[in-house]
Amino acid sequence: MQFQQLAYFVAVADTRHFTRAAEEVHVSQPSLSQQIRALERELGAELFSRARGNITLTDAGEALLPLARRILADADTARHEVLELAQLRRGRVRLGATPSLCTGLLPDVLRTFHDLHPGIQLLIEEGGSHDLVRELARGALDLALVVLPLPSPSPALTTVELFQEDLVAVSSRWAPAPRSPLRIGDLEGQPMVMFRHGYDLRDLTLNACRAAGFEPYFTVEGGEMDAVLGFVRAGLGIGVVPSMVASRTGQDLRVTPLARPGLRRTIALAHRSDVAPPRAARVLQEVLLARHTPAPATRR
């Protein structure tokens with residue numbers, strides 16, 4: 001089994017078309033088809049069903065696809081690791097983070113890292129913790145900033161707790177000021193702006209309201225962080241956001257603390273347990289850890 005064959009297989013699986021796949025990997029269509037057939041002979045199973053021109057994965061193809069993606073991602077990481085040996089003058093880091101952390105934490109961290117290592121390319125992917133864990137597992141990310149506890153704990157990941165962060169309420173400066181500090185129960189019947197499904201902050205807020213004995217009332221829901229803040233500025237309702245994000249919102253939003261015990265979230269840095277992060281990723285990890293006092297590493 002060759003890396004080239006796996007790359008051709010993934011290209012066909014993604015495009016579901018042999019000619020388009022050949023164009024993507026810059027080979028002729030007959031050469032690509034020949035390599036796919038050679039791979040199928042070696043594995044002893046057909047990978048694609050080619051009925052009436054429709055290309056679909058067989059059961060064997062479905063089983064191979066995530067493994068092939070991971071093998072190719074690991075090989076790509078190995079190539080970049082070798083390139084980084086020149087005193088970190090070149091290389092890349094693939095970092096995943098939740099949208100709120102991209103807004104609140106990463107700008108200063110990445111500025112520090114870039115000043116130290118300007119030749120390192122930073123590739124950032126935003127997503128919920130669930131999506132980021134999946135991307136880590138398949139080798140598409142080197143590191144990810146996630147919210148604990150993970151939605152689906154994985155023994156293949158190592159997490160290092162970085163810090164805990166308070167959540168606060170934000171409202172428009174032009175709306176009536178809420179009680180301060182604001183109790184969760186005070187939100188009952190109040191118009192609220194809520195994040196889309198899959199956001200860690202959505203689940204945290206919903207669970208707190210339900211624990212207080214009520215279902216929150218949403219005037220608008222389904223947005224990302226910037227959209228939610230914009231809706232709050234427009235006076236459509238109250239939002240519950242991380243304090244780090246609230247500190248950057250400017251003069252047009254009112255920030256109100258939550259009454260004790262309040263709401264907190266735990267931020268952690270995660271990476272795969274079976275593969276050491278590339279050198280550049282390890283340096284970025286050191287920068288992140290230097291800004292916070294970490295707890296001992298745990299396996300999840």
# chains A, B, ... in the order shown; residues from 1 in each chain; ligands from 1
$ residues_around --residues "Asp108 (chain A)" --least-positions-apart "6" --cutoff "12 Å" --atoms "only C-alpha atoms" --output "PyMOL selection string"
chain A and resi 101-102+114-115+244+287-288+291
$ select_by_dssp --residues "region 93-292 of chain A" --states "helix (DSSP H, G or I)" --output "PyMOL selection string"
chain A and resi 99-104+106-116+129-137+184-187+200-211+225-233+243-246+279-290
$ atom_distance --atom1 "CA of Pro242 (chain A)" --atom2 "CA of Ile124 (chain A)"
20.0 Å
$ closest_residue --among "A:Ile71, A:Val228, A:Ala211, A:Ile238" --to "Val275 (chain A)" --atoms "only C-alpha atoms"
A:Ile71
$ residues_around --residues "Ser180 (chain A)" --least-positions-apart "3" --cutoff "10 Å" --atoms "only C-alpha atoms" --output "ChimeraX atom specification"
/A:169,177,183,255-259
$ residues_around --residues "Glu40 (chain A)" --least-positions-apart "6" --cutoff "10 Å" --atoms "only C-alpha atoms" --output "PyMOL selection string"
chain A and resi 1+5+9+34+46-48+60-61
$ write_last_selection --atoms "all heavy atoms" --output "short mmCIF file (atom, residue, chain, number, x, y, z; two decimals), in the first residue's frame"
data_model
loop_
_atom_site.label_atom_id
_atom_site.label_comp_id
_atom_site.auth_asym_id
_atom_site.auth_seq_id
_atom_site.Cartn_x
_atom_site.Cartn_y
_atom_site.Cartn_z
N MET A 1 0.85 -1.19 0.00
CA MET A 1 0.00 0.00 0.00
C MET A 1 0.89 1.25 0.00
O MET A 1 1.79 1.37 0.82
CB MET A 1 -0.90 0.00 1.25
CG MET A 1 -1.93 1.11 1.25
SD MET A 1 -2.91 1.15 2.79
CE MET A 1 -3.57 -0.51 2.82
N GLN A 5 -1.41 5.88 -3.54
CA GLN A 5 -2.67 5.17 -3.75
C GLN A 5 -3.75 5.65 -2.78
O GLN A 5 -4.90 5.84 -3.16
CB GLN A 5 -2.46 3.67 -3.59
CG GLN A 5 -1.61 3.05 -4.69
CD GLN A 5 -1.28 1.60 -4.40
OE1 GLN A 5 -1.20 1.19 -3.23
NE2 GLN A 5 -1.08 0.80 -5.44
N PHE A 9 -7.28 7.42 -3.63
CA PHE A 9 -8.52 6.87 -3.07
C PHE A 9 -9.32 7.97 -2.37
O PHE A 9 -10.54 8.09 -2.58
CB PHE A 9 -8.19 5.75 -2.10
CG PHE A 9 -9.32 5.40 -1.16
CD1 PHE A 9 -10.46 4.77 -1.63
CD2 PHE A 9 -9.23 5.71 0.19
CE1 PHE A 9 -11.51 4.47 -0.77
CE2 PHE A 9 -10.27 5.40 1.05
CZ PHE A 9 -11.42 4.78 0.57
N GLN A 34 -5.92 2.93 -12.54
CA GLN A 34 -5.02 1.78 -12.42
C GLN A 34 -4.52 1.64 -10.98
O GLN A 34 -4.45 0.54 -10.43
CB GLN A 34 -3.85 1.95 -13.37
CG GLN A 34 -2.89 0.77 -13.37
CD GLN A 34 -1.74 0.98 -14.35
OE1 GLN A 34 -1.56 2.08 -14.88
NE2 GLN A 34 -0.97 -0.06 -14.60
N GLU A 46 -13.27 -4.54 -3.14
CA GLU A 46 -13.58 -3.36 -3.92
C GLU A 46 -13.87 -2.20 -2.99
O GLU A 46 -14.53 -2.36 -1.96
CB GLU A 46 -14.79 -3.62 -4.83
CG GLU A 46 -14.49 -4.57 -5.98
CD GLU A 46 -15.64 -4.61 -6.98
OE1 GLU A 46 -16.69 -3.99 -6.68
OE2 GLU A 46 -15.46 -5.23 -8.04
N LEU A 47 -13.37 -1.02 -3.34
CA LEU A 47 -13.53 0.17 -2.51
C LEU A 47 -14.66 1.07 -3.01
O LEU A 47 -15.21 1.86 -2.24
CB LEU A 47 -12.23 0.97 -2.48
CG LEU A 47 -11.02 0.21 -1.91
CD1 LEU A 47 -9.75 1.04 -2.06
CD2 LEU A 47 -11.25 -0.17 -0.46
N PHE A 48 -14.98 0.94 -4.31
CA PHE A 48 -16.03 1.78 -4.89
C PHE A 48 -17.03 0.92 -5.65
O PHE A 48 -16.66 -0.08 -6.28
CB PHE A 48 -15.44 2.82 -5.85
CG PHE A 48 -14.54 3.81 -5.19
CD1 PHE A 48 -13.16 3.70 -5.31
CD2 PHE A 48 -15.06 4.86 -4.45
CE1 PHE A 48 -12.31 4.61 -4.69
CE2 PHE A 48 -14.23 5.78 -3.84
CZ PHE A 48 -12.85 5.65 -3.96
N ALA A 60 -16.14 -1.67 2.49
CA ALA A 60 -14.69 -1.65 2.66
C ALA A 60 -14.14 -0.24 2.47
O ALA A 60 -13.24 0.20 3.20
CB ALA A 60 -14.03 -2.62 1.67
N GLY A 61 -14.68 0.49 1.50
CA GLY A 61 -14.25 1.87 1.27
C GLY A 61 -14.58 2.77 2.44
O GLY A 61 -13.78 3.62 2.85
#
$ select_by_dssp --residues "region 127-209 of chain A" --states "strand (DSSP E or B)" --output "JSON, numbers by chain"
{"A": [143, 144, 145, 146, 147, 148, 157, 158, 159, 160, 161, 162, 163, 164, 165, 166, 167, 168, 169, 170, 171, 172, 182, 191, 192, 193, 194, 195]}
$ residues_around --residues "Ile55 (chain A)" --least-positions-apart "6" --cutoff "8 Å" --atoms "only C-alpha atoms" --output "JSON, numbers by chain"
{"A": [16, 17, 48, 49]}
$ write_last_selection --atoms "all heavy atoms" --output "compact mmCIF listing (two decimals), in the first residue's frame"
# COMPACT_ATOMS: atom_id res chain seq x y z
N ARG A 16 -16.31 11.77 -5.70
CA ARG A 16 -17.20 10.74 -6.27
C ARG A 16 -17.17 10.77 -7.80
O ARG A 16 -18.18 10.54 -8.46
CB ARG A 16 -18.64 10.93 -5.75
CG ARG A 16 -18.77 10.90 -4.23
CD ARG A 16 -18.26 9.58 -3.65
NE ARG A 16 -18.12 9.62 -2.22
CZ ARG A 16 -19.00 9.07 -1.36
NH1 ARG A 16 -20.07 8.49 -1.84
NH2 ARG A 16 -18.78 9.13 -0.07
N HIS A 17 -15.95 11.04 -8.32
CA HIS A 17 -15.80 11.14 -9.78
C HIS A 17 -14.33 10.92 -10.11
O HIS A 17 -13.46 11.62 -9.59
CB HIS A 17 -16.26 12.52 -10.25
CG HIS A 17 -16.52 12.59 -11.72
ND1 HIS A 17 -15.50 12.70 -12.65
CD2 HIS A 17 -17.69 12.58 -12.41
CE1 HIS A 17 -16.05 12.76 -13.86
NE2 HIS A 17 -17.37 12.68 -13.74
N PHE A 48 -14.98 0.94 -4.31
CA PHE A 48 -16.03 1.78 -4.89
C PHE A 48 -17.03 0.92 -5.65
O PHE A 48 -16.66 -0.08 -6.28
CB PHE A 48 -15.44 2.82 -5.85
CG PHE A 48 -14.54 3.81 -5.19
CD1 PHE A 48 -13.16 3.70 -5.31
CD2 PHE A 48 -15.06 4.86 -4.45
CE1 PHE A 48 -12.31 4.61 -4.69
CE2 PHE A 48 -14.23 5.78 -3.84
CZ PHE A 48 -12.85 5.65 -3.96
N SER A 49 -18.27 1.33 -5.56
CA SER A 49 -19.30 0.76 -6.41
C SER A 49 -19.48 1.69 -7.60
O SER A 49 -19.68 2.90 -7.42
CB SER A 49 -20.61 0.62 -5.63
OG SER A 49 -21.65 0.21 -6.51
$ closest_residue --among "A:Val25, A:Leu167, A:Ala144, A:Met225" --to "Ala281 (chain A)" --atoms "only C-alpha atoms"
A:Ala144
$ closest_residue --among "A:His117, A:Arg69, A:Arg282, A:Arg111" --to "Leu269 (chain A)" --atoms "only C-alpha atoms"
A:Arg282
$ atom_distance --atom1 "CA of Arg233 (chain A)" --atom2 "CA of Leu253 (chain A)"
6.2 Å
$ residues_around --residues "Thr77 (chain A)" --least-positions-apart "6" --cutoff "9 Å" --atoms "only C-alpha atoms" --output "ChimeraX atom specification"
/A:139,142,277-278
$ closest_residue --among "A:Gly230, A:Pro66, A:Gly235, A:Gly222" --to "Trp174 (chain A)" --atoms "only C-alpha atoms"
A:Gly235
$ closest_residue --among "A:Gly104, A:Ile267, A:Pro181, A:Glu62" --to "Leu150 (chain A)" --atoms "only C-alpha atoms"
A:Ile267
